[in-house]
Structure formats: C-alpha cells, structure tokens
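**Q** Below you will find the structure I want to go over with you.
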Amino acid sequence: MRVLIAVALLLAAMAPTAVADGGWSVVPSGGGRPSFYAEGAPGAVLQDTVSVRNPSAEPLRVRLGGGSWVVFAHDKAAARTVTVDVPARTRAEVPFTVNVPAGAAPGDHADTLTARSSDGRSKTVRLRLRVGGPTLPALTVEHVTVRGERISYELVNRGTTTLTPSLAVRAEGLFGRRLLDRAPRTLPVELPPGRRVRLSEPWPDRPVLDAVDVRLTVTADGGTARDAGSTAVRFVPWGAVAGIAGGAMAAGAFL
C-alpha cells in the first residue's frame, strides 16, 4: 500500500499543472528582462526576439503588433503584425527589428509590443529605445490649483530623455507664515519625452482663514531639469461670513 501511495504521489507531481485560461504570457526572450531596451543612432536597425509562452493544455493563437518602428520576422516574411500559433505547453520565439528613422530625434522613445489572443485577451511588454545624439532634459510645472484638501498640478516632459521627477512643496500665508515645507521627494512616475501627467498632493490641514502662496518645485536628471509653478489662494470661511452678515442685517432691521 505504501508503495502504491508513493507511486501515485510521484505521478501527480509529474503531471502537468492545470493553467487557468489566459495564463499565457509575452516576454523578452532569454529570461531575466522585464522589458526590451535598446540603443542606436538614427538610421540603425536593431534586432531582438519576443517569446510567446503557452503553458496551458490548449493551443494558442495570438496576433503580435508593435509601433511604426517595429517589424516582425515570421515564416520567412516581414510585417508590422504577425499571427503566431503556439502549441500547448510550448513557446514561440519571434524575431523582430526596430528600424530607427534617419530623422529620429535623439533621446528616449517608448513603445510596446502587444499580443492579442483569438478570444480578445491582450498582453503587452514595454520597449524602450534611446536614440544617440545630443539630449535635452527639460520639464515644466503647469496648472497649479488648490481644490478641497489637495494641491493639483501637471508635469510635462519638454525634453528628449525619460525623467523621474522629484517634488518639493512650500506654502506661505500672511506675513510670511510658513504653512507647508515639504522636502524634495521622488515621485512614483516616469515621464517619457512629450508626456503630460496630472498629479496632486494632499493638504488636509489647510488654513480656514488666510491668503496663501503655494509653490511647487520639480527637479529631475540630477537637477539638470528644473521648473517651478505657483498659485495664490484665499481661504475664507464663507459660512461664518454669511452668518455674521445675516446677524448684522437682522440687528439693523430691529433698530
């Protein structure tokens, strides 16, 4: 009986593990890379391979596509998109090239490779490319506003390199009274060139009555990219003001 139990456990361990529908993946070939990264000069042709993995017990059909610079090689043909059939419990290795245009601007460029299955499910893997040449890190802080208990603003990458910005916040009330003084901290965002993102900062203890100047300072790339945005906001307890005005009117009518 012990021998039979041991054999049964061994067979169970050797049996393929059931994978839920949609358990396939698309990743850079070779393993260990969460995304694609390449560097090249304008006009360069860069090569890599994407792996479509199908651990399920059913065959998989996906359609691969990328941006305008990406060309796939499959079945001795080259195309912007290709259809790939992956048998059960195997993977397909699909070569592709990134054809950098001769007039491509230096700096960082972002794209994705997308695989869409026949049932409509899709998975993506990031592709980052740095084009050689002079680079310019630059950003701007725009549309700073205070609404409710939050300070909202927009960051725009005006340069040619991907930026991870840091933010410092200051707010001063009447007579220079310091209300906020938050030291620079790295924001959990990554800004590719040309990207705009809207963010906000909490301000739960804002004043009830004050005239405040709010200033946001953003830096990136070791301080090479730097900008500041500000706004002036007046805090007035309108409910209390209305109550006082109403009381004054009532007193005047009584007199």
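Naming works like this for the structure tokens: A, B, ... for the chains as they're shown, residue 1 at the start of each chain, ligands 1 onward in shown order.
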Just asking: which residues within range 87-126 of chain A are strand (DSSP E) according to DSSP, as a PyMOL selection string?
**A** chain A and resi 90-99+107-117+122-126
**Q** Output N, CA and C atoms for every residue in the selection just made, as a PDB file, in the first residue's frame.
**A**
```pdb
ATOM      1  N   THR A  90       4.249  24.896 -24.893  1.00  0.00           N
ATOM      2  CA  THR A  90       5.475  25.280 -25.606  1.00  0.00           C
ATOM      3  C   THR A  90       5.528  26.804 -25.682  1.00  0.00           C
ATOM      4  N   ARG A  91       6.519  27.289 -26.403  1.00  0.00           N
ATOM      5  CA  ARG A  91       6.623  28.728 -26.625  1.00  0.00           C
ATOM      6  C   ARG A  91       7.087  28.970 -28.057  1.00  0.00           C
ATOM      7  N   ALA A  92       6.790  30.153 -28.535  1.00  0.00           N
ATOM      8  CA  ALA A  92       7.226  30.564 -29.870  1.00  0.00           C
ATOM      9  C   ALA A  92       8.170  31.745 -29.733  1.00  0.00           C
ATOM     10  N   GLU A  93       9.294  31.685 -30.425  1.00  0.00           N
ATOM     11  CA  GLU A  93      10.278  32.769 -30.423  1.00  0.00           C
ATOM     12  C   GLU A  93      10.124  33.538 -31.736  1.00  0.00           C
ATOM     13  N   VAL A  94       9.779  34.801 -31.635  1.00  0.00           N
ATOM     14  CA  VAL A  94       9.502  35.606 -32.824  1.00  0.00           C
ATOM     15  C   VAL A  94      10.525  36.744 -32.909  1.00  0.00           C
ATOM     16  N   PRO A  95      11.437  36.717 -33.886  1.00  0.00           N
ATOM     17  CA  PRO A  95      12.394  37.819 -34.050  1.00  0.00           C
ATOM     18  C   PRO A  95      11.691  39.083 -34.566  1.00  0.00           C
ATOM     19  N   PHE A  96      12.250  40.218 -34.215  1.00  0.00           N
ATOM     20  CA  PHE A  96      11.753  41.481 -34.751  1.00  0.00           C
ATOM     21  C   PHE A  96      12.908  42.471 -34.826  1.00  0.00           C
ATOM     22  N   THR A  97      12.703  43.492 -35.621  1.00  0.00           N
ATOM     23  CA  THR A  97      13.686  44.567 -35.719  1.00  0.00           C
ATOM     24  C   THR A  97      13.036  45.894 -35.359  1.00  0.00           C
ATOM     25  N   VAL A  98      13.840  46.791 -34.823  1.00  0.00           N
ATOM     26  CA  VAL A  98      13.430  48.174 -34.591  1.00  0.00           C
ATOM     27  C   VAL A  98      14.201  49.028 -35.591  1.00  0.00           C
ATOM     28  N   ASN A  99      13.499  49.584 -36.557  1.00  0.00           N
ATOM     29  CA  ASN A  99      14.126  50.390 -37.602  1.00  0.00           C
ATOM     30  C   ASN A  99      14.040  51.862 -37.220  1.00  0.00           C
ATOM     31  N   GLY A 107      17.422  60.953 -27.910  1.00  0.00           N
ATOM     32  CA  GLY A 107      16.748  60.847 -26.622  1.00  0.00           C
ATOM     33  C   GLY A 107      15.996  59.552 -26.484  1.00  0.00           C
ATOM     34  N   ASP A 108      15.095  59.508 -25.503  1.00  0.00           N
ATOM     35  CA  ASP A 108      14.359  58.290 -25.180  1.00  0.00           C
ATOM     36  C   ASP A 108      13.040  58.226 -25.938  1.00  0.00           C
ATOM     37  N   HIS A 109      12.729  57.029 -26.412  1.00  0.00           N
ATOM     38  CA  HIS A 109      11.464  56.775 -27.097  1.00  0.00           C
ATOM     39  C   HIS A 109      10.849  55.525 -26.478  1.00  0.00           C
ATOM     40  N   ALA A 110       9.532  55.506 -26.334  1.00  0.00           N
ATOM     41  CA  ALA A 110       8.839  54.392 -25.692  1.00  0.00           C
ATOM     42  C   ALA A 110       7.814  53.786 -26.639  1.00  0.00           C
ATOM     43  N   ASP A 111       7.659  52.481 -26.539  1.00  0.00           N
ATOM     44  CA  ASP A 111       6.674  51.759 -27.341  1.00  0.00           C
ATOM     45  C   ASP A 111       6.291  50.502 -26.570  1.00  0.00           C
ATOM     46  N   THR A 112       5.378  49.722 -27.115  1.00  0.00           N
ATOM     47  CA  THR A 112       5.013  48.435 -26.535  1.00  0.00           C
ATOM     48  C   THR A 112       4.835  47.415 -27.646  1.00  0.00           C
ATOM     49  N   LEU A 113       5.114  46.165 -27.327  1.00  0.00           N
ATOM     50  CA  LEU A 113       4.726  45.052 -28.180  1.00  0.00           C
ATOM     51  C   LEU A 113       3.467  44.448 -27.569  1.00  0.00           C
ATOM     52  N   THR A 114       2.456  44.237 -28.384  1.00  0.00           N
ATOM     53  CA  THR A 114       1.176  43.744 -27.904  1.00  0.00           C
ATOM     54  C   THR A 114       0.839  42.416 -28.555  1.00  0.00           C
ATOM     55  N   ALA A 115       0.401  41.463 -27.744  1.00  0.00           N
ATOM     56  CA  ALA A 115      -0.074  40.171 -28.242  1.00  0.00           C
ATOM     57  C   ALA A 115      -1.543  40.045 -27.875  1.00  0.00           C
ATOM     58  N   ARG A 116      -2.380  39.789 -28.867  1.00  0.00           N
ATOM     59  CA  ARG A 116      -3.818  39.646 -28.627  1.00  0.00           C
ATOM     60  C   ARG A 116      -4.263  38.254 -29.058  1.00  0.00           C
ATOM     61  N   SER A 117      -4.897  37.530 -28.132  1.00  0.00           N
ATOM     62  CA  SER A 117      -5.328  36.162 -28.421  1.00  0.00           C
ATOM     63  C   SER A 117      -6.639  36.168 -29.193  1.00  0.00           C
ATOM     64  N   SER A 122      -5.444  40.483 -24.261  1.00  0.00           N
ATOM     65  CA  SER A 122      -4.191  41.041 -24.749  1.00  0.00           C
ATOM     66  C   SER A 122      -3.187  41.187 -23.620  1.00  0.00           C
ATOM     67  N   LYS A 123      -1.909  41.094 -23.986  1.00  0.00           N
ATOM     68  CA  LYS A 123      -0.822  41.297 -23.046  1.00  0.00           C
ATOM     69  C   LYS A 123       0.251  42.113 -23.749  1.00  0.00           C
ATOM     70  N   THR A 124       0.963  42.922 -22.977  1.00  0.00           N
ATOM     71  CA  THR A 124       1.954  43.813 -23.562  1.00  0.00           C
ATOM     72  C   THR A 124       3.293  43.677 -22.842  1.00  0.00           C
ATOM     73  N   VAL A 125       4.339  44.077 -23.536  1.00  0.00           N
ATOM     74  CA  VAL A 125       5.667  44.182 -22.945  1.00  0.00           C
ATOM     75  C   VAL A 125       6.279  45.480 -23.442  1.00  0.00           C
ATOM     76  N   ARG A 126       6.898  46.210 -22.556  1.00  0.00           N
ATOM     77  CA  ARG A 126       7.417  47.533 -22.878  1.00  0.00           C
ATOM     78  C   ARG A 126       8.671  47.451 -23.739  1.00  0.00           C
TER      79      ARG A 126
END
```
**Q** So that I can see what lies close to range 195-212 of chain A, please list as JSON, numbers by chain the residues with an atom at most 8 Å from it, counting only C-alpha atoms and leaving out residues fewer than 4 positions away in the same chain.
**A** {"A": [149, 150, 151, 152, 153, 154, 155, 156, 157, 171, 172, 173, 174, 179, 191, 232, 233, 234, 235, 236, 237]}
**Q** Can you pull out every residue within 8 Å of Ser166 in chain A, counting only C-alpha atoms, but drop anything in the same chain fewer than 4 positions away, and send it as number ranges by chain?
**A** A: 184-187, 218-220
**Q** Would you mind exporting the chosen residues as a PDB file, in the first residue's frame, restricted to C-alpha atoms?
**A**
```pdb
ATOM      1  CA  PRO A 184      12.046  67.096  -2.198  1.00  0.00           C
ATOM      2  CA  ARG A 185      10.873  63.525  -2.712  1.00  0.00           C
ATOM      3  CA  THR A 186      10.949  61.313  -5.770  1.00  0.00           C
ATOM      4  CA  LEU A 187       7.546  60.949  -7.400  1.00  0.00           C
ATOM      5  CA  VAL A 218      10.236  69.969  -9.535  1.00  0.00           C
ATOM      6  CA  THR A 219      13.690  68.684 -10.463  1.00  0.00           C
ATOM      7  CA  ALA A 220      14.949  65.709 -12.463  1.00  0.00           C
TER       8      ALA A 220
END
```
**Q** Give the helix (DSSP H, G or I) residues of range 12-249 of chain A, as assigned by DSSP on the backbone, as a list in words.
**A**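 Answer for range 12-249 of chain A restricted to helix (DSSP H, G or I) is Ala12, Ala13, Met14, Leu174, Phe175, Gly176, Asp221, Gly222, Gly223, Trp238, Gly239, Ala240, Val241, Ala242, Gly243, Ile244, Ala245, Gly246, Gly247, Ala248 and Met249 of chain A.
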**Q** Which residue, A:Ala105, A:Val100, A:Gln47, A:Trp24, has the smallest gap to Ala88 in chain A when you use only C-alpha atoms?
**A**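 Closest to Ala88 in chain A of all the choices is A:Trp24.
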**Q** Find the distance between CA of Leu127 in chain A and CA of Gly23 in chain A and write it in Å to one decimal.
**A**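 According to the coordinates, CA of Leu127 in chain A and CA of Gly23 in chain A are separated by 21.8 Å.
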**Q** What is the CA of Asp85 in chain A to CA of Val26 in chain A distance in Å?
**A** 13.2 Å
